[in-house]
Amino acid sequence: MTEAIMADPAISQAKTKTAWTLEYGWAIPLLLGVGVLVAILASLCIGAYPMSFAQAARIVMHLAWPGPLPANPPWTVKEITVVQIIRLPRVLLVTLAGLGLGISGTALQGMMRNPLVGPDIVGVSSGAAFGGVLAMLWDFPPVGIVGLAFCGGMLAMACTFGLAKLSHAGTDSMITILAGVFVGAFFLALIDLIKHLANDAQLPSMVFWLLGTFVGADARKVAMIAIPTLGGGALLMTLRWRLNLLSLGDLDAKSLGMNVSVLRWAILALVSLIVASQVAVSGVVGWVGLVVPHCARMLVGPDHRRLLPTAGLLGALFVLGLDDFTRAVMKAEIPVGVLTALIGTPVVCFLLWKSQGKGWGRE
Amino acid sequence: MSNTAVEFHDLGHAYKPGHWVFQSYNAEVARGSIFALLGPNGCGKTTLLKALLGALKPTAGKVVMDGRSAFVPQLFQVTFDYSVLDMVLMGRARQVGLFSQPSVEDEEAAMASLERFGIAHFARHPFHELSGGERQLVIFARALVSEAEILILDEPTSALDLKNQIVVLDWITRLSHRDGLTVLFTTHHPHHALAVADNALLMLGGSKYASGPASDVLSEENLHALYGVDLKLLPFEHKGQLHETLVPVLPYASRARKEPQLPLS
Amino acid sequence: MIRKHHGRELLWLVPFICIALIAVSLLRPLPRFPLPEHYRTVVDGGGNTIHIALPFRGVALATNSFPSGYLETTRSPQLLVYAGKPSDRGMLAKNAMSWIYPEVLNDDNLWNTRLFKNTSSPFSEIETLLAYDPSVWIGCGGPPDLVRRVGLPAFGCGGSPALRQRMGLPNLRSKEGCGTPPDPMRSHYPKGYVNGGWYFPENYLFPGLRLSSELIGHPELAEPRIDAYCKIVADLQQELRPSSLTYRPRVQMVGEPKGTVPRAGMVDVEAEREIPGDDAERLLILDPDMIFLVVGSPQEFERDSSWQALKAVQKHQVYRRPGQLEWWATGVTFKPVLLRWLAEIAHPERLQPNVRQLLRDRVMSEFGYRLSEEQIDLVLHVKENAGSVGAERFTRGYQTTSEQRSSK
């Protein structure tokens, strides 16, 4: 059986990094999962009102466990108010945004065979932002803002991939990325038009929202992001092995027996859903969907069975960390979108250098 | 299961209306046989392959494929550095449910496939660290683990050195004769086709093609028409069996060597 | 064939389900704040019943409820938590209230910033509010609903007195007007001249005073102060005898409730007829006898070439009205003084110069604080009005000719 060519024996014996991640990589998502839950509780301790970790944990566990709350609780009314009304919605919003962005960014990168794309590049964020400011211009209630943002995101996504299809480009080619950039730019121009049309009362809140902010979180916003993110994210999780196949290329995946186009559009729709819901409740938080999957890939390797959960959890930790930083240290409400851009841009530049351009324009 | 694994009737494709890449092709590939596709660059070999795989809807004609197919592409650029085992595991796409992940059985099948090709020790190595020949074998392993009956290869020997070319050709023969797979491959090397193929199809441009048993189709006239160069058929004996191979006739080099002109001193 | 899977394939469900459970927990009913053991019930302007916990721990104010207003009406600096920007503190420092209660400027906790930002929802600093734990929150222009949701008693500023009346509570606006006879010009007011319903300062001063006194648990303090206010107004009316005035100067005064001008025996040029167009043109058309500025100095105004044609400029009857900036409070203390000041300018022959003494007495009786001569000069803008006709009666050491004669 061994007439097959033998390679350099040194390689076969070396315990490569890939081998390590294959052996132990499964432990990382587990650790990250625990980490996220701990981080949620820790984030609940940050704020002007004093709250200890143990107390926060106690309150959250009683709240989350189905069943009535104890009659003589070991916490004061003020403490549970601070948790339930003020902090928990915000922490959840942040976590879900990070989770959604991490998962959708990874799915996009895998599908487009390009480790340097993100939801921003495909135009979804801009479209959803456009929908949101349009709703603000027409003075819609918050439900309306979310709904219209979602529609805007889907519209932008459809434009990008429709344009790509018209140019006979596959979803994994450079042309699609260009189409996404153009569509995104168009929607940004529309957003500027709307900012011009807005009156003095609407404009500041529009600008603030566009920067990406988690201020003003309440139960309704959490519901609006939780359902698409957890539902769509769960679906993407079940499809995570299929992403491996998609990342090989259309011809290969098809030859392995997959219905490539249906799966691609399904994944795109799910990604749109998740990103649009995130933009709708908290504005444009950029760069997370691009940076986090790459960092996750460095941790656990490219196999999406491990990568997707890792990226999601890492995204949640990342955005949660930034928001905690903004609340605790800065005390000023620096929009999280600004922070992710300030941190994300140098990281992307670093990644571009390290990756030596692999994954760009080799079609 | 019928005797014919692949057949195509009146197959033709034009990317732009009126500009046919090939037209009115008919052929039948018997189950368990080896079929070679030859033609110069740009005459549509890849297009024909895509049509066979179902990745392209042909402008005219139809393809009937009786059985599952697996594809081994010519170039293999992977954006992400999957491990060898992961690559082979991807071949189990048909066996794994849409929303499921590969099971323990799938992973065992992948390892078995790697062992079969003698590269099991590479299982945990990243794919891009392997040499060209090793990668080819990994893709073979992947094709086989998908339990396909029809193997389609796009220029399997083009990127390989001599030793690996021979290994691959040997495997093609082995898979067909011993394991009963139907193998279709495109090639630039007519002597490879002559060595292993049972039947062959030469794409001569437009609606012209030559199809049939390899020894008949791969004649000096046909090859001259196909490539525009002279090739001589050379019979030889090996282990009691008569074989044939092709030898190129170089246009300039066949002239006798003349004495070099020394400068007049 | 039953396929054996790795158990850890489904581990991702764990964080998902945990997060989902926590998210669902937000749907639980909001925590119910039990009634405090000891509390006082107050009904705010909008008819909302507020339970204020005792012992009384003070109030938290929204940005546009000026602390000076609270101080003036409640006279309790120890009970104040102000939610404003550092620049607000700067403004208060220039204010008479900070002379009287200098301790207000010291405590940094009072100047917690961004409780209410224009661009975002007010959640940012609501926790600080909870941490301070004031007994009641006064939200003028803030979000009472939000504050109520976190369990603080939220005392709204506005509201219709009719609602309180339906609840059988005493009328917040009684005695307003202080018995002033109606303006004879009232039927000629142009459309929109009196908007908002605040014709007299008492329209908003008296309800504020009464509500604040209820708030700090001393409702009995309100009426005597109201009576004192009205007494000064009534005394002025007796001295001025406005019904017998033959001449009423035409004046321009913006920013004051419209009833002030006729009370001081003057006529508001804006009340005569409606003139559209921008302010500069209107002023030239109306050409009042006197102009009362809110900011700036009369000297600058008179130097401005646009106004040279005005009568008031030529006769040096441009005045800087006292009480802005240096008295940035509601005006319970100061409004009667302002009224007398105006009347003395308009009708010097009928009134004895008494503004300085009145101001001194008011501040002493309200706060027990003795204003210095320099402080009185500041409040009355003596320096700015130095060149204006009739303003010398407000300077210190001024004696009328009759007094001079009697001292000889």
# chains A, B, ... in the order shown; residues from 1 in each chain; ligands from 1

call {"tool": "closest_atom_pairs", "arguments": {"of": "chain A", "to": "chain C", "cutoff": "6 Å", "atoms": "only C-alpha atoms", "output": "JSON lines"}}
result
{"residue": "A:Gly33", "atom": "CA", "partner": "C:Pro15", "partner_atom": "CA", "distance": 5.8}
{"residue": "A:Ala48", "atom": "CA", "partner": "C:Thr128", "partner_atom": "CA", "distance": 5.2}
{"residue": "A:Tyr49", "atom": "CA", "partner": "C:Ala131", "partner_atom": "CA", "distance": 5.1}
{"residue": "A:Leu63", "atom": "CA", "partner": "C:Ser25", "partner_atom": "CA", "distance": 5.5}
{"residue": "A:Ala64", "atom": "CA", "partner": "C:Ile22", "partner_atom": "CA", "distance": 4.8}
{"residue": "A:Pro204", "atom": "CA", "partner": "C:Thr119", "partner_atom": "CA", "distance": 5.5}
{"residue": "A:Ser205", "atom": "CA", "partner": "C:Thr119", "partner_atom": "CA", "distance": 4.8}
{"residue": "A:Gly216", "atom": "CA", "partner": "C:Ser121", "partner_atom": "CA", "distance": 5.4}
{"residue": "A:Ala219", "atom": "CA", "partner": "C:Leu26", "partner_atom": "CA", "distance": 5.7}

call {"tool": "closest_atom_pairs", "arguments": {"of": "chain B", "to": "chain C", "cutoff": "9 Å", "atoms": "only C-alpha atoms", "output": "Markdown table"}}
result
| residue | atom | partner | partner_atom | distance |
| --- | --- | --- | --- | --- |
| B:Gln101 | CA | C:Glu9 | CA | 7.4 |
| B:Pro102 | CA | C:His5 | CA | 7.4 |
| B:Ser103 | CA | C:His5 | CA | 4.5 |
| B:Val104 | CA | C:Lys4 | CA | 5.7 |
| B:Glu105 | CA | C:Arg3 | CA | 6.9 |
| B:Asp106 | CA | C:Arg3 | CA | 8.9 |

call {"tool": "write_last_selection", "arguments": {"atoms": "N, CA, C and O atoms", "output": "mmCIF file, in the first residue's frame"}}
result
data_model
loop_
_atom_site.group_PDB
_atom_site.id
_atom_site.type_symbol
_atom_site.label_atom_id
_atom_site.label_comp_id
_atom_site.auth_asym_id
_atom_site.auth_seq_id
_atom_site.Cartn_x
_atom_site.Cartn_y
_atom_site.Cartn_z
ATOM 1 N N GLN B 101 -23.719 17.028 11.577
ATOM 2 C CA GLN B 101 -22.272 17.073 11.457
ATOM 3 C C GLN B 101 -21.785 15.660 11.170
ATOM 4 O O GLN B 101 -22.486 14.700 11.455
ATOM 5 N N PRO B 102 -20.581 15.511 10.619
ATOM 6 C CA PRO B 102 -20.057 14.161 10.360
ATOM 7 C C PRO B 102 -19.979 13.341 11.645
ATOM 8 O O PRO B 102 -19.610 13.838 12.696
ATOM 9 N N SER B 103 -20.336 12.077 11.512
ATOM 10 C CA SER B 103 -20.341 11.210 12.691
ATOM 11 C C SER B 103 -19.006 10.505 12.832
ATOM 12 O O SER B 103 -18.098 10.688 12.026
ATOM 13 N N VAL B 104 -18.942 9.679 13.850
ATOM 14 C CA VAL B 104 -17.704 8.915 14.072
ATOM 15 C C VAL B 104 -17.443 7.994 12.892
ATOM 16 O O VAL B 104 -16.295 7.801 12.459
ATOM 17 N N GLU B 105 -18.536 7.407 12.346
ATOM 18 C CA GLU B 105 -18.359 6.523 11.176
ATOM 19 C C GLU B 105 -17.752 7.277 10.008
ATOM 20 O O GLU B 105 -16.915 6.750 9.271
ATOM 21 N N ASP B 106 -18.200 8.505 9.821
ATOM 22 C CA ASP B 106 -17.664 9.288 8.708
ATOM 23 C C ASP B 106 -16.178 9.512 8.880
ATOM 24 O O ASP B 106 -15.394 9.411 7.928
#

call {"tool": "closest_atom_pairs", "arguments": {"of": "chain B", "to": "chain A", "cutoff": "6 Å", "atoms": "only C-alpha atoms", "output": "Markdown table"}}
result
| residue | atom | partner | partner_atom | distance |
| --- | --- | --- | --- | --- |
| B:Ala70 | CA | A:Ser255 | CA | 5.9 |
| B:Phe71 | CA | A:Ser255 | CA | 5.7 |
| B:Thr79 | CA | A:Gly359 | CA | 5.4 |
| B:Phe80 | CA | A:Pro302 | CA | 6.0 |
| B:Tyr82 | CA | A:Pro302 | CA | 5.9 |
| B:Arg94 | CA | A:Gly257 | CA | 6.0 |
| B:Phe99 | CA | A:Thr238 | CA | 4.9 |
| B:Gly118 | CA | A:Thr2 | CA | 5.1 |
| B:Arg124 | CA | A:Ala19 | CA | 4.9 |

call {"tool": "residues_around", "arguments": {"residues": "Asn222 of chain B", "least_positions_apart": "4", "cutoff": "10 Å", "atoms": "only C-alpha atoms", "output": "number ranges by chain"}}
result
B: 202, 204, 209-210, 216-218, 226-228, 231

call {"tool": "atom_distance", "arguments": {"atom1": "atom CA of Leu175 of chain B", "atom2": "atom CA of Asn199 of chain B"}}
result
16.0 Å

call {"tool": "select_by_dssp", "arguments": {"residues": "segment 6-255 of chain B", "states": "helix (DSSP H, G or I)", "output": "PyMOL selection string"}}
result
chain B and resi 45-53+84-94+104-116+120-122+127-129+132-145+162-177+190-196+214-217+220-227

call {"tool": "residues_around", "arguments": {"residues": "Pro228 of chain A", "least_positions_apart": "3", "cutoff": "8 Å", "atoms": "only C-alpha atoms", "output": "compact mmCIF listing (two decimals) with C-alpha atoms, in the first residue's frame"}}
result
# COMPACT_ATOMS: atom_id res chain seq x y z
CA MET A 224 -35.80 42.17 18.55
CA ILE A 225 -32.18 41.13 18.36
CA GLY A 231 -32.70 31.56 15.80
CA GLY A 232 -30.66 32.41 12.74
CA GLY A 233 -27.47 31.67 14.61
CA LEU A 273 -31.30 38.71 9.07
CA ILE A 274 -28.81 38.64 11.89
CA SER A 277 -31.43 43.01 13.42
